[in-house]
Amino acid sequence: MKQSACSHAMRQFYRTTTLHGFKYLCSKYYADRIGWLICCCASACCAGVLCAVLWERFLEVPALLTLHDLRGQEDAVKMPLVAVCPPAETIAYLFQKKLLINTNVTGRLQTILNHVLRRKDTNKEHLVILEEILFKNNLTLPEALMQVMPPCHSIVKNCRWQSIMIPCGKLFERELTEWGVCCLSRPKKLKIGESRTSRLEAKRNLQIAVQCSDQPTLNGCEVYTKFNGEEWVEPMILSPGYNYLAQVTFTSVVDSDPDKFVEGTCSTADGYSKSRCLLKCKEKSCGCSDPLRSKSRNEDSVPPPCLMTQMSCLRRFNFENITCKCLPSCKKVSTFLVLESSPMNAFIYTHNEIYAGLNETASSVLLISIRISGSRIFVVNPTETWITLLSSLGGVFNMFLGVGLFSALEILFLLFVRLPIAIRRSTEIQIPSSINNLYC
């Protein structure tokens with residue numbers, strides 16, 4: 001009796017439902033029922049195959065690259081971070097001049113500092129020598145570099161932003177970077193001399209005159225530029241007595257949708273970089289932090305700085321046995337730099353203010369030009385979202401099975417109203433019939 005009540009409810013559902021072909025499953029003829037059952041199963045299989053194809057496509061995260069016009073976007077085209085760093089041999093000379101160092105190690109100090117500041121694998125004996133020097137002077141490596149580093153106004157002599165001369169002390173400050181202590185100029189500082197007419201120009205020009213040492217036997221300064229989102233850079237060496245023109249173009253690819261359909265493809269955190277994440281992973285494994293790490297606003301807990309004798313762990317670290325989940329940044333920037341040079345001869349006869357007070361044999365002049373015409377900003381626009389997924393799946397089910405809003409309401413009504421009522425009625429009828437059987 002219970003089965004007949006439930007089957008009656010199911011038959012009633014088949015007769016009245018809006019689902020394709022289901023009302024014919026209760027046909028009088030057996031052949032009709034079998035035929036329509038095959039059709040319904042085939043439609044369900046087709047819907048399943050199409051849904052699988054849609055899901056695979058969504059997992060590939062299809063997107064469109066939109067090229068932005070930079071001519072009307074002053075905020076999108078900014079100068080990169082500009083850093084001026086003394087080379088390792090100049091740092092070694094300053095160490096000998098300002099710190100207490102045994103004379104028997106002065107010949108090897110330049111090689112030691114060159115390996116340490118360039119993040120190369122360093123001989124343990126050399127690390128012990130550097131550790132002894134720091135211990136003797138009661139300094140850490142960042143403190144020693146800060147102590148011997150001259151003020152920035154004595155390194156960056158003259159500065160011109162676009163066509164305006166600006167005091168270099170307002171642009172450059174000493175900061176600890178991955179390449180040692182350098183004089184850094186950040187993009188926000190260049191707004192102090194920016195005019196409306198300069199924003200309309202096709203280039204962003206910063207010209208600086210630099211001198212890292214008064215010794216003619218030493219090399220010139222090292223300079224690098226870094227855009228926000230650029231992963232890794234390497235300094236370029238400027239020879240004293242030369243004019244340099246660095247023409248820079250950049251290509252930026254920005255993911256415009258932080259809430260992507262597939263999570264975990266890139267990181268949208270402010271200031272995030274994959275190289276920084278890998279460094280944190282190495283520091284966590286070694287139990288100490290790189291003394292040449294730059295400051296970050298979003299870092300809470302940082303391991304204590306490594307001793308010089310512990311630096312080998314960071315430099316020789318192997319990721320084979322350790323898994324680090326370091327995603328790429330959602331903003332990727334790549335640069336193309338063309339560096340041209342010419343001798344700086346007879347500049348004493350010019351009236352250009354950038355050459356004022358320079359020593360021809362020890363100074364260099366660098367013009368950094370960001371070409372807007374050759375730069376590109378691409379925005380990644382995902383073509384598939386949760387809404388498009390639901391609409392596509394709804395279209396597939398509606399086409400093959402007739403599933404819609406009313407069909408969903410019918411199924412819910414069957415499961416939560418009709419079937420419970422049928423089961424309860426069949427139970428109420430079954431109890432009196434069993435009592436009558438006992439009296440008989």
# chains A, B, ... in the order shown; residues from 1 in each chain; ligands from 1
$ closest_atom_pairs --of "region 351-415 of chain A" --to "region 51-63 of chain A" --cutoff "7 Å" --atoms "only C-alpha atoms" --output "CSV"
residue,atom,partner,partner_atom,distance
A:Val380,CA,A:Ala63,CA,6.2
A:Asn381,CA,A:Ala63,CA,5.3
A:Pro382,CA,A:Ala63,CA,4.0
A:Thr383,CA,A:Ala63,CA,5.0
A:Glu384,CA,A:Phe58,CA,6.6
A:Leu393,CA,A:Cys51,CA,6.4
$ residues_around --residues "region 159-169 of chain A" --least-positions-apart "2" --cutoff "7 Å" --atoms "only C-alpha atoms" --output "list of chain:residue names"
A:Cys152, A:His153, A:Val156, A:Lys157, A:Leu171, A:Phe172, A:Gly193, A:Ser198, A:Arg204, A:Asn205, A:Leu206, A:Gln207, A:Ile208, A:Ala209, A:Ile354
$ closest_atom_pairs --of "region 214-305 of chain A" --to "region 331-345 of chain A" --cutoff "6 Å" --atoms "only C-alpha atoms" --output "tab-separated table"
residue	atom	partner	partner_atom	distance
A:Gly229	CA	A:Val333	CA	5.4
A:Glu230	CA	A:Val333	CA	4.9
A:Gly241	CA	A:Met344	CA	5.3
A:Tyr242	CA	A:Pro343	CA	4.5
A:Asn243	CA	A:Ser342	CA	5.2
A:Tyr244	CA	A:Ser341	CA	4.4
A:Leu245	CA	A:Glu340	CA	5.1
A:Ala246	CA	A:Leu339	CA	4.5
A:Gln247	CA	A:Val338	CA	5.2
A:Val248	CA	A:Leu337	CA	4.6
A:Thr249	CA	A:Phe336	CA	5.3
A:Phe250	CA	A:Thr335	CA	4.3
A:Thr251	CA	A:Ser334	CA	5.4
A:Ser252	CA	A:Val333	CA	4.4
A:Val253	CA	A:Lys332	CA	5.2
A:Val254	CA	A:Lys331	CA	4.5
$ closest_atom_pairs --of "region 101-165 of chain A" --to "region 84-87 of chain A" --cutoff "10 Å" --atoms "only C-alpha atoms" --output "tab-separated table"
residue	atom	partner	partner_atom	distance
A:Gln110	CA	A:Pro87	CA	9.7
A:Leu113	CA	A:Pro87	CA	9.4
A:Asn114	CA	A:Pro87	CA	8.1
A:Leu117	CA	A:Pro87	CA	9.0
A:Arg118	CA	A:Pro87	CA	10.0
A:Met149	CA	A:Pro86	CA	8.3
A:Pro150	CA	A:Pro86	CA	9.5
A:Cys152	CA	A:Val84	CA	9.0
A:Ile155	CA	A:Val84	CA	8.2
A:Val156	CA	A:Val84	CA	7.8
$ write_last_selection --atoms "N, CA and C atoms" --output "mmCIF file, in the first residue's frame"
data_model
loop_
_atom_site.group_PDB
_atom_site.id
_atom_site.type_symbol
_atom_site.label_atom_id
_atom_site.label_comp_id
_atom_site.auth_asym_id
_atom_site.auth_seq_id
_atom_site.Cartn_x
_atom_site.Cartn_y
_atom_site.Cartn_z
ATOM 1 N N GLN A 110 87.468 43.580 -0.729
ATOM 2 C CA GLN A 110 86.666 43.918 -1.905
ATOM 3 C C GLN A 110 85.979 42.685 -2.480
ATOM 4 N N LEU A 113 83.070 41.621 -0.041
ATOM 5 C CA LEU A 113 81.885 42.478 -0.132
ATOM 6 C C LEU A 113 81.194 42.338 -1.487
ATOM 7 N N ASN A 114 81.954 42.117 -2.533
ATOM 8 C CA ASN A 114 81.355 41.934 -3.853
ATOM 9 C C ASN A 114 80.465 40.695 -3.879
ATOM 10 N N LEU A 117 77.316 41.474 -1.297
ATOM 11 C CA LEU A 117 76.359 42.462 -1.787
ATOM 12 C C LEU A 117 75.692 42.031 -3.090
ATOM 13 N N ARG A 118 76.327 41.137 -3.828
ATOM 14 C CA ARG A 118 75.730 40.656 -5.080
ATOM 15 C C ARG A 118 75.020 39.324 -4.887
ATOM 16 N N MET A 149 78.349 54.791 4.540
ATOM 17 C CA MET A 149 77.720 55.386 3.357
ATOM 18 C C MET A 149 77.678 56.904 3.485
ATOM 19 N N PRO A 150 78.199 57.643 2.508
ATOM 20 C CA PRO A 150 78.125 59.104 2.559
ATOM 21 C C PRO A 150 76.682 59.574 2.408
ATOM 22 N N CYS A 152 73.418 61.354 0.799
ATOM 23 C CA CYS A 152 73.009 61.286 -0.605
ATOM 24 C C CYS A 152 73.333 62.562 -1.379
ATOM 25 N N ILE A 155 76.539 62.191 -3.087
ATOM 26 C CA ILE A 155 76.608 61.176 -4.147
ATOM 27 C C ILE A 155 75.831 61.637 -5.371
ATOM 28 N N VAL A 156 74.586 62.066 -5.160
ATOM 29 C CA VAL A 156 73.770 62.601 -6.256
ATOM 30 C C VAL A 156 73.909 64.117 -6.201
#
$ select_by_dssp --residues "region 38-252 of chain A" --states "helix (DSSP H, G or I)" --output "JSON, numbers by chain"
{"A": [38, 39, 40, 41, 42, 43, 44, 45, 46, 47, 48, 49, 50, 51, 52, 53, 54, 55, 56, 57, 58, 59, 88, 89, 90, 91, 92, 93, 94, 95, 96, 97, 98, 103, 104, 105, 106, 107, 108, 109, 110, 111, 112, 113, 114, 115, 116, 117, 124, 125, 126, 127, 128, 129, 130, 131, 132, 133, 134, 135, 136, 141, 142, 143, 144, 145, 146, 147, 148, 152, 153, 154, 155, 168, 169, 170, 187, 188, 189, 190, 191, 192, 193, 196, 197, 198, 199]}
$ atom_distance --atom1 "CA of Thr106 (chain A)" --atom2 "CA of Ser312 (chain A)"
21.9 Å
$ residues_around --residues "region 271-282 of chain A" --least-positions-apart "5" --cutoff "10 Å" --atoms "only C-alpha atoms" --output "PDB file with C-alpha atoms, in the first residue's frame"
ATOM      1  CA  ASN A 228      55.954  48.564  -8.945  1.00  0.00           C
ATOM      2  CA  GLY A 229      55.251  44.953  -9.892  1.00  0.00           C
ATOM      3  CA  GLU A 230      58.685  44.265 -11.377  1.00  0.00           C
ATOM      4  CA  GLU A 231      60.131  41.130  -9.789  1.00  0.00           C
ATOM      5  CA  TRP A 232      63.906  41.396 -10.082  1.00  0.00           C
ATOM      6  CA  CYS A 266      47.951  34.936  -8.553  1.00  0.00           C
ATOM      7  CA  GLY A 287      65.769  30.273  10.928  1.00  0.00           C
ATOM      8  CA  CYS A 288      67.156  33.752  10.233  1.00  0.00           C
ATOM      9  CA  SER A 289      66.478  36.641   7.872  1.00  0.00           C
ATOM     10  CA  ASP A 290      68.651  38.115   5.160  1.00  0.00           C
ATOM     11  CA  ARG A 293      66.351  42.702   3.043  1.00  0.00           C
ATOM     12  CA  SER A 294      64.484  45.923   2.379  1.00  0.00           C
ATOM     13  CA  SER A 296      58.089  45.988   3.910  1.00  0.00           C
ATOM     14  CA  ARG A 297      54.932  47.500   5.392  1.00  0.00           C
ATOM     15  CA  ASN A 298      52.911  44.280   5.541  1.00  0.00           C
ATOM     16  CA  VAL A 302      60.567  38.573  10.776  1.00  0.00           C
ATOM     17  CA  PRO A 303      63.233  36.104  11.980  1.00  0.00           C
ATOM     18  CA  CYS A 313      72.199  28.670   4.190  1.00  0.00           C
ATOM     19  CA  LEU A 314      70.365  31.416   2.284  1.00  0.00           C
ATOM     20  CA  ARG A 315      72.736  31.505  -0.692  1.00  0.00           C
ATOM     21  CA  ARG A 316      72.885  27.717  -1.166  1.00  0.00           C
ATOM     22  CA  PHE A 317      69.236  27.039  -0.413  1.00  0.00           C
ATOM     23  CA  ASN A 318      67.598  24.331  -2.523  1.00  0.00           C
ATOM     24  CA  PHE A 319      63.814  24.169  -3.006  1.00  0.00           C
ATOM     25  CA  ILE A 322      60.689  22.068   0.537  1.00  0.00           C
ATOM     26  CA  THR A 323      57.428  23.216  -1.024  1.00  0.00           C
ATOM     27  CA  CYS A 324      56.781  26.948  -0.997  1.00  0.00           C
ATOM     28  CA  LYS A 325      53.408  28.149  -2.226  1.00  0.00           C
ATOM     29  CA  CYS A 326      54.530  31.383  -3.846  1.00  0.00           C
ATOM     30  CA  LEU A 327      52.067  32.608  -6.447  1.00  0.00           C
ATOM     31  CA  PRO A 328      52.965  35.168  -9.090  1.00  0.00           C
ATOM     32  CA  SER A 329      51.690  38.684  -8.620  1.00  0.00           C
ATOM     33  CA  CYS A 330      48.504  39.691 -10.434  1.00  0.00           C
ATOM     34  CA  LYS A 331      50.418  42.717 -11.726  1.00  0.00           C
ATOM     35  CA  LYS A 332      53.372  41.798 -13.932  1.00  0.00           C
TER      36      LYS A 332
END
$ atom_distance --atom1 "CA of Ser185 (chain A)" --atom2 "CA of Val82 (chain A)"
5.2 Å
$ atom_distance --atom1 "CA of Val379 (chain A)" --atom2 "CA of His68 (chain A)"
7.5 Å
$ closest_residue --among "A:Leu50, A:Cys26, A:His126, A:Ser363" --to "Arg11 (chain A)" --atoms "only C-alpha atoms"
A:Cys26
